[in-house]
file work24.tsv (TSV, C-alpha atoms)
chain	number	residue	atom	x	y	z
Z	1	MET	CA	-52.46	-49.09	16.49
Z	2	ALA	CA	-53.16	-50.62	19.89
Z	3	THR	CA	-50.64	-50.16	22.69
Z	4	ILE	CA	-49.38	-52.60	25.31
Z	5	ARG	CA	-47.96	-51.22	28.57
Z	6	ILE	CA	-44.88	-53.22	29.63
Z	7	PRO	CA	-44.21	-53.61	33.38
Z	8	THR	CA	-40.78	-52.53	34.62
Z	9	PRO	CA	-39.35	-56.08	35.14
Z	10	LEU	CA	-40.00	-56.96	31.49
Z	11	ARG	CA	-38.67	-53.78	29.90
Z	12	ALA	CA	-35.20	-55.32	29.69
Z	13	TYR	CA	-36.66	-57.47	26.90
Z	14	THR	CA	-38.24	-54.55	25.01
Z	15	ALA	CA	-35.20	-52.28	24.75
Z	16	ASN	CA	-36.50	-50.41	27.83
Z	17	LEU	CA	-39.72	-49.45	26.07
Z	18	SER	CA	-42.58	-48.89	28.48
Z	19	ASP	CA	-45.21	-48.96	25.72
Z	20	VAL	CA	-45.17	-50.98	22.51
Z	21	GLU	CA	-47.51	-50.36	19.60
Z	22	VAL	CA	-48.99	-53.55	18.17
Z	23	THR	CA	-51.40	-54.66	15.49
Z	24	GLY	CA	-54.20	-57.19	15.71
Z	25	ALA	CA	-57.94	-57.48	16.11
Z	26	THR	CA	-57.82	-59.51	19.33
Z	27	VAL	CA	-55.73	-59.61	22.50
Z	28	GLY	CA	-54.08	-62.81	21.30
Z	29	GLU	CA	-53.08	-61.26	17.98
Z	30	ALA	CA	-51.74	-58.17	19.75
Z	31	LEU	CA	-49.61	-60.30	22.07
Z	32	GLN	CA	-48.33	-62.31	19.13
Z	33	ASP	CA	-47.27	-59.10	17.40
Z	34	LEU	CA	-45.55	-58.02	20.62
Z	35	ILE	CA	-43.63	-61.32	20.64
Z	36	ASN	CA	-42.76	-60.90	16.95
Z	37	GLN	CA	-41.22	-57.52	17.75
Z	38	HIS	CA	-39.46	-58.64	20.93
Z	39	ASN	CA	-38.76	-62.39	20.77
Z	40	ALA	CA	-37.07	-62.50	24.18
Z	41	LEU	CA	-40.42	-61.79	25.85
Z	42	GLU	CA	-42.03	-65.04	24.80
Z	43	PRO	CA	-40.82	-67.35	27.60
Z	44	HIS	CA	-41.79	-64.73	30.17
Z	45	LEU	CA	-45.36	-64.50	28.90
Z	46	PHE	CA	-46.16	-67.93	27.47
Z	47	ASN	CA	-45.55	-71.58	28.27
Z	48	ASN	CA	-46.21	-74.04	25.44
Z	49	GLY	CA	-48.36	-71.47	23.71
Z	50	GLU	CA	-50.50	-70.75	26.79
Z	51	LEU	CA	-50.43	-67.50	28.74
Z	52	ARG	CA	-48.62	-68.13	32.02
Z	53	SER	CA	-50.89	-68.22	35.07
Z	54	PHE	CA	-49.03	-65.36	36.77
Z	55	VAL	CA	-49.26	-63.08	33.71
Z	56	ASN	CA	-52.39	-60.93	33.67
Z	57	ILE	CA	-53.48	-58.91	30.64
Z	58	PHE	CA	-55.81	-56.03	31.40
Z	59	LEU	CA	-58.08	-54.19	28.98
Z	60	GLY	CA	-58.84	-51.01	30.86
Z	61	GLU	CA	-59.71	-52.21	34.36
Z	62	GLU	CA	-60.79	-55.69	33.23
Z	63	ASP	CA	-58.66	-58.84	33.27
Z	64	VAL	CA	-59.17	-60.36	29.81
Z	65	ARG	CA	-59.47	-63.80	31.42
Z	66	TYR	CA	-62.87	-62.62	32.65
Z	67	LEU	CA	-63.86	-61.20	29.27
Z	68	ASN	CA	-63.23	-63.40	26.22
Z	69	GLY	CA	-59.63	-64.35	26.97
Z	70	MET	CA	-57.22	-64.18	24.08
Z	71	GLU	CA	-60.18	-63.74	21.73
Z	72	THR	CA	-61.22	-60.46	23.37
Z	73	ALA	CA	-61.68	-57.92	20.58
Z	74	ILE	CA	-59.60	-54.75	20.57
Z	75	GLU	CA	-59.55	-51.57	18.49
Z	76	ASP	CA	-56.79	-49.35	17.13
Z	77	ASP	CA	-56.87	-47.07	20.19
Z	78	THR	CA	-56.99	-49.91	22.73
Z	79	ASN	CA	-54.57	-49.76	25.66
Z	80	LEU	CA	-53.58	-53.14	27.09
Z	81	ARG	CA	-51.51	-53.65	30.23
Z	82	ILE	CA	-49.35	-56.56	31.34
Z	83	ILE	CA	-49.63	-56.74	35.13
Z	84	PRO	CA	-47.67	-59.20	37.32
Z	85	SER	CA	-49.45	-61.23	39.97
Z	86	ILE	CA	-49.62	-60.07	43.57
Z	87	ALA	CA	-46.28	-60.13	45.31
Z	88	GLY	CA	-45.48	-62.90	47.78
Z	89	GLY	CA	-45.82	-65.88	45.48
Z	90	SER	CA	-49.58	-65.75	44.97
Z	91	GLU	CA	-50.87	-66.37	41.47
Z	92	GLN	CA	-54.12	-64.52	42.17
Z	93	PRO	CA	-54.54	-61.77	39.54
Z	94	ILE	CA	-54.47	-58.16	40.63
Z	95	ARG	CA	-58.02	-57.11	39.82
Z	96	GLN	CA	-59.22	-53.55	39.75
Z	97	VAL	CA	-62.47	-51.73	39.06
Z	98	ASP	CA	-62.93	-48.04	38.29
Z	99	GLN	CA	-65.48	-46.95	40.87
Z	100	SER	CA	-66.08	-43.72	38.95
Z	101	ALA	CA	-67.45	-45.75	36.03
Z	102	LEU	CA	-69.80	-47.51	38.44
Z	103	ARG	CA	-70.96	-44.23	39.96
Z	104	VAL	CA	-71.66	-42.72	36.53
Z	105	ASN	CA	-73.62	-45.84	35.67
Z	106	GLN	CA	-75.67	-45.57	38.86
Z	107	ALA	CA	-76.27	-41.85	38.45
Z	108	LEU	CA	-77.55	-42.28	34.90
Z	109	ILE	CA	-79.80	-45.18	35.92
Z	110	ILE	CA	-81.32	-43.16	38.74
Z	111	SER	CA	-81.76	-40.05	36.60
Z	112	LEU	CA	-83.43	-41.86	33.71
Z	113	LEU	CA	-85.74	-43.93	35.92
Z	114	VAL	CA	-86.85	-40.88	37.89
Z	115	LEU	CA	-87.47	-39.07	34.61
Z	116	ALA	CA	-89.47	-42.06	33.39
Z	117	PHE	CA	-91.56	-42.00	36.59
Z	118	VAL	CA	-92.24	-38.27	36.43
Z	119	PHE	CA	-93.38	-38.37	32.80
Z	120	ASN	CA	-94.84	-41.91	32.90
Z	121	LEU	CA	-92.56	-43.22	30.13
Z	122	TRP	CA	-92.58	-47.01	30.12
Z	123	TRP	CA	-90.32	-47.10	27.06
Z	124	LEU	CA	-87.61	-45.21	28.95
Z	125	VAL	CA	-87.69	-47.88	31.65
Z	126	ALA	CA	-87.37	-50.47	28.88
Z	127	PHE	CA	-84.38	-48.56	27.47
Z	128	VAL	CA	-82.64	-48.57	30.86
Z	129	SER	CA	-83.35	-52.29	31.18
Z	130	ALA	CA	-81.85	-52.97	27.75
Z	131	VAL	CA	-78.73	-50.95	28.57
Z	132	MET	CA	-78.24	-52.83	31.85
Z	133	ILE	CA	-78.80	-56.29	30.38
Z	134	ILE	CA	-76.60	-55.66	27.34
Z	135	GLY	CA	-73.86	-54.23	29.58
Z	136	THR	CA	-74.02	-57.34	31.75
Z	137	ILE	CA	-73.70	-59.76	28.85
Z	138	TRP	CA	-71.23	-57.65	26.81
Z	139	PRO	CA	-69.32	-55.33	29.19
Z	140	ASP	CA	-67.54	-53.60	26.30
Z	141	ALA	CA	-70.95	-52.53	24.93
Z	142	ALA	CA	-72.19	-51.01	28.20
Z	143	LEU	CA	-73.59	-47.64	27.07
Z	144	PHE	CA	-73.23	-45.76	30.35
Z	145	LYS	CA	-69.69	-47.08	30.79
Z	146	LEU	CA	-68.87	-45.90	27.26
Z	147	ILE	CA	-70.22	-42.44	28.07
Z	148	TYR	CA	-67.86	-42.32	31.05
Z	149	LYS	CA	-64.89	-43.77	29.15
Z	150	ASN	CA	-65.21	-41.76	25.92
Z	151	ILE	CA	-66.74	-38.48	27.08
Z	152	LEU	CA	-66.63	-37.77	30.81
Z	153	LYS	CA	-63.17	-39.14	31.63
Z	154	PRO	CA	-61.32	-37.65	28.60
Z	155	ALA	CA	-62.91	-34.28	29.32
Z	156	ASN	CA	-61.77	-34.53	32.96
Z	157	LEU	CA	-65.37	-34.12	34.08
Z	158	VAL	CA	-65.04	-37.26	36.19
Z	159	GLU	CA	-61.73	-38.43	37.66
Z	160	PRO	CA	-60.94	-42.19	37.64
Z	161	ASP	CA	-61.11	-43.96	40.99
Z	162	VAL	CA	-59.50	-47.34	40.37
Z	163	ILE	CA	-59.30	-49.66	43.38
Z	164	PRO	CA	-58.78	-53.41	43.95
Z	165	ASP	CA	-62.17	-55.00	43.32
Z	166	ASN	CA	-63.88	-57.80	41.41
Z	167	PRO	CA	-66.10	-56.92	38.42
Z	168	GLU	CA	-68.32	-60.02	38.66
Z	169	PRO	CA	-70.36	-58.92	41.71
Z	170	HIS	CA	-71.04	-55.56	40.04
Z	171	ARG	CA	-72.18	-57.33	36.88
Z	172	PHE	CA	-74.45	-59.53	38.97
Z	173	ALA	CA	-75.91	-56.42	40.63
Z	174	GLN	CA	-76.47	-54.87	37.21
Z	175	ALA	CA	-78.11	-58.07	35.97
Z	176	LEU	CA	-80.54	-57.92	38.89
Z	177	GLY	CA	-81.27	-54.29	38.09
Z	178	GLY	CA	-81.81	-55.20	34.44
Z	179	LEU	CA	-84.30	-57.91	35.40
Z	180	PHE	CA	-86.17	-55.61	37.78
Z	181	THR	CA	-86.43	-52.85	35.19
Z	182	PHE	CA	-87.51	-55.38	32.56
Z	183	GLY	CA	-90.26	-56.49	34.91
Z	184	SER	CA	-91.13	-52.84	35.51
Z	185	ALA	CA	-91.41	-52.01	31.81
Z	186	ALA	CA	-93.45	-55.17	31.12
Z	187	SER	CA	-95.83	-54.39	33.99
Z	188	LEU	CA	-96.34	-50.83	32.81
Z	189	LEU	CA	-96.98	-52.00	29.27
Z	190	LEU	CA	-99.56	-54.52	30.55
Z	191	GLY	CA	-101.41	-51.84	32.51
Z	192	LEU	CA	-100.07	-52.65	35.98
Z	193	PRO	CA	-98.62	-49.27	37.02
Z	194	ALA	CA	-98.44	-49.99	40.77
Z	195	LEU	CA	-96.27	-53.07	40.26
Z	196	GLY	CA	-94.30	-51.44	37.45
Z	197	TRP	CA	-93.29	-48.34	39.35
Z	198	THR	CA	-92.63	-50.30	42.53
Z	199	LEU	CA	-90.05	-52.40	40.66
Z	200	ALA	CA	-88.52	-49.27	39.13
Z	201	TRP	CA	-88.21	-47.61	42.53
Z	202	VAL	CA	-86.55	-50.69	43.98
Z	203	VAL	CA	-83.81	-50.21	41.38
Z	204	ILE	CA	-83.62	-46.47	42.09
Z	205	VAL	CA	-83.24	-47.05	45.84
Z	206	LEU	CA	-80.62	-49.79	45.42
Z	207	ALA	CA	-78.63	-47.69	42.93
Z	208	GLY	CA	-78.88	-44.77	45.36
Z	209	LEU	CA	-77.49	-46.89	48.21
Z	210	ASN	CA	-74.51	-47.73	46.03
Z	211	LEU	CA	-74.02	-44.22	44.69
Z	212	PHE	CA	-74.39	-42.27	47.93
Z	213	LEU	CA	-73.47	-44.78	50.64
Z	214	GLY	CA	-71.12	-47.08	48.74
Z	215	PHE	CA	-73.13	-50.20	49.62
Z	216	CYS	CA	-73.77	-52.55	46.70
Z	217	VAL	CA	-76.64	-54.84	47.67
Z	218	GLY	CA	-76.18	-57.02	44.59
Z	219	CYS	CA	-72.48	-57.45	45.42
Z	220	PHE	CA	-73.39	-58.43	48.98
Z	221	VAL	CA	-75.78	-61.07	47.66
Z	222	TYR	CA	-73.15	-62.33	45.20
Z	223	TYR	CA	-70.57	-62.84	47.95
Z	224	GLN	CA	-73.12	-64.60	50.18
Z	225	PHE	CA	-73.76	-67.04	47.34
Z	226	ASN	CA	-69.98	-67.45	47.00
Z	227	ARG	CA	-69.63	-68.30	50.68
Z	228	LEU	CA	-72.42	-70.86	50.34
Z	229	GLY	CA	-70.66	-72.46	47.36
Z	230	VAL	CA	-73.46	-71.76	44.91
Z	231	PRO	CA	-72.30	-72.71	41.37
Z	232	GLY	CA	-71.50	-69.72	39.19
Z	233	PHE	CA	-70.48	-67.50	42.12
Z	234	SER	CA	-66.82	-68.49	42.22
Z	235	VAL	CA	-65.13	-65.15	42.87
Z	236	ALA	CA	-64.33	-64.45	46.53
Z	237	PRO	CA	-63.85	-60.99	48.06
Z	238	ILE	CA	-60.39	-59.47	47.67
Z	239	PRO	CA	-58.47	-59.90	50.96
Z	240	VAL	CA	-58.22	-56.75	53.08
Z	241	GLU	CA	-54.42	-56.92	53.18
Z	242	VAL	CA	-54.26	-56.94	49.37
Z	243	ASP	CA	-56.61	-53.95	49.22
Z	244	GLN	CA	-54.35	-52.05	51.63
Z	245	GLU	CA	-51.21	-52.93	49.65
Z	246	ARG	CA	-52.63	-51.47	46.45
call {"tool": "encode", "arguments": {"input": "work24.tsv", "output": "structure tokens"}}
result
Amino acid sequence: MATIRIPTPLRAYTANLSDVEVTGATVGEALQDLINQHNALEPHLFNNGELRSFVNIFLGEEDVRYLNGMETAIEDDTNLRIIPSIAGGSEQPIRQVDQSALRVNQALIISLLVLAFVFNLWWLVAFVSAVMIIGTIWPDAALFKLIYKNILKPANLVEPDVIPDNPEPHRFAQALGGLFTFGSAASLLLGLPALGWTLAWVVIVLAGLNLFLGFCVGCFVYYQFNRLGVPGFSVAPIPVEVDQER
């Protein structure tokens, strides 16, 4: 069964339970089962059947509003969290990203692309491109993130490093990397090795900047587009004072 973590202010309505096991194939079904078990919670979570704006449901480090909302699929071992909005009256969701998952992703991208370069394996570049593009479109299917989540983190080989951050700029950066590696693989397949490996090394260098120096070029570009009001780049940087509070 899936589990929902209840924040302290709402535990008075769950008989002081901090975690409640629920059934359901989606976030919406899980929340409905939670309400069925603890009816007094409903007005604190929903208003006329809609999730209240100051109630944030997280699947791992992702706000489900930025996944597939109430239709986000869950599994039997899924852990959901109900997280209140930022203190002080703001209805801005508290958003967090596990930087360790990002670093594992970057390390695997670098390693596989360098291996592809050394052994001249265009198909390995194509594989990395597919992983990056699929992970951008369907974050829950991101292979390198799954390796971190299901293998490295449970084995305590990599410790979580969850900080206030927005996932969208990182997805944009990954989308750019996926497009560059796609162009690399296509160029190699068409007999244009100079162009192909140049594109691959651009991705290696940019991933290295993020991994070793903590500078995400794709995120920087995303936020510049946000400041310019470009459609589709609606998420602004998290304020410094919020980052410090967390």
call {"tool": "atom_distance", "arguments": {"input": "work24.tsv", "atom1": "CA of Ala236 in chain Z", "atom2": "CA of Val221 in chain Z"}}
result
12.0 Å
call {"tool": "closest_residue", "arguments": {"input": "work24.tsv", "among": "Z:Leu45, Z:Cys219, Z:Leu113, Z:Leu67", "to": "Pro139 in chain Z", "atoms": "all atoms listed in the file"}}
result
Z:Leu67
call {"tool": "residues_around", "arguments": {"input": "work24.tsv", "residues": "range 180-191 of chain Z", "least_positions_apart": "5", "cutoff": "7 Å", "atoms": "only C-alpha atoms", "output": "list in words"}}
result
Trp122, Trp123, Val125, Ala126, Ser129, Gly196, Trp197, Leu199, Ala200 and Val203 of chain Z
call {"tool": "closest_atom_pairs", "arguments": {"input": "work24.tsv", "of": "range 43-119 of chain Z", "to": "range 169-177 of chain Z", "cutoff": "10 Å", "atoms": "only C-alpha atoms", "output": "CSV"}}
result
residue,atom,partner,partner_atom,distance
Z:Val97,CA,Z:His170,CA,9.4
Z:Leu102,CA,Z:His170,CA,8.3
Z:Asn105,CA,Z:Gln174,CA,9.6
Z:Gln106,CA,Z:Gln174,CA,9.5
Z:Ile109,CA,Z:Gly177,CA,9.5
call {"tool": "residues_around", "arguments": {"input": "work24.tsv", "residues": "Pro160 in chain Z", "least_positions_apart": "4", "cutoff": "12 Å", "atoms": "all atoms listed in the file", "output": "NGL selection string"}}
result
:Z and (60-61 or 96-104 or 148-149 or 152-156)
call {"tool": "write_last_selection", "arguments": {"input": "work24.tsv", "atoms": "C-alpha atoms", "output": "compact mmCIF listing (two decimals), in the coordinates of the input"}}
result
# COMPACT_ATOMS: atom_id res chain seq x y z
CA GLY Z 60 -58.84 -51.01 30.86
CA GLU Z 61 -59.71 -52.21 34.36
CA GLN Z 96 -59.22 -53.55 39.75
CA VAL Z 97 -62.47 -51.73 39.06
CA ASP Z 98 -62.93 -48.04 38.29
CA GLN Z 99 -65.48 -46.95 40.87
CA SER Z 100 -66.08 -43.72 38.95
CA ALA Z 101 -67.45 -45.75 36.03
CA LEU Z 102 -69.80 -47.51 38.44
CA ARG Z 103 -70.96 -44.23 39.96
CA VAL Z 104 -71.66 -42.72 36.53
CA TYR Z 148 -67.86 -42.32 31.05
CA LYS Z 149 -64.89 -43.77 29.15
CA LEU Z 152 -66.63 -37.77 30.81
CA LYS Z 153 -63.17 -39.14 31.63
CA PRO Z 154 -61.32 -37.65 28.60
CA ALA Z 155 -62.91 -34.28 29.32
CA ASN Z 156 -61.77 -34.53 32.96
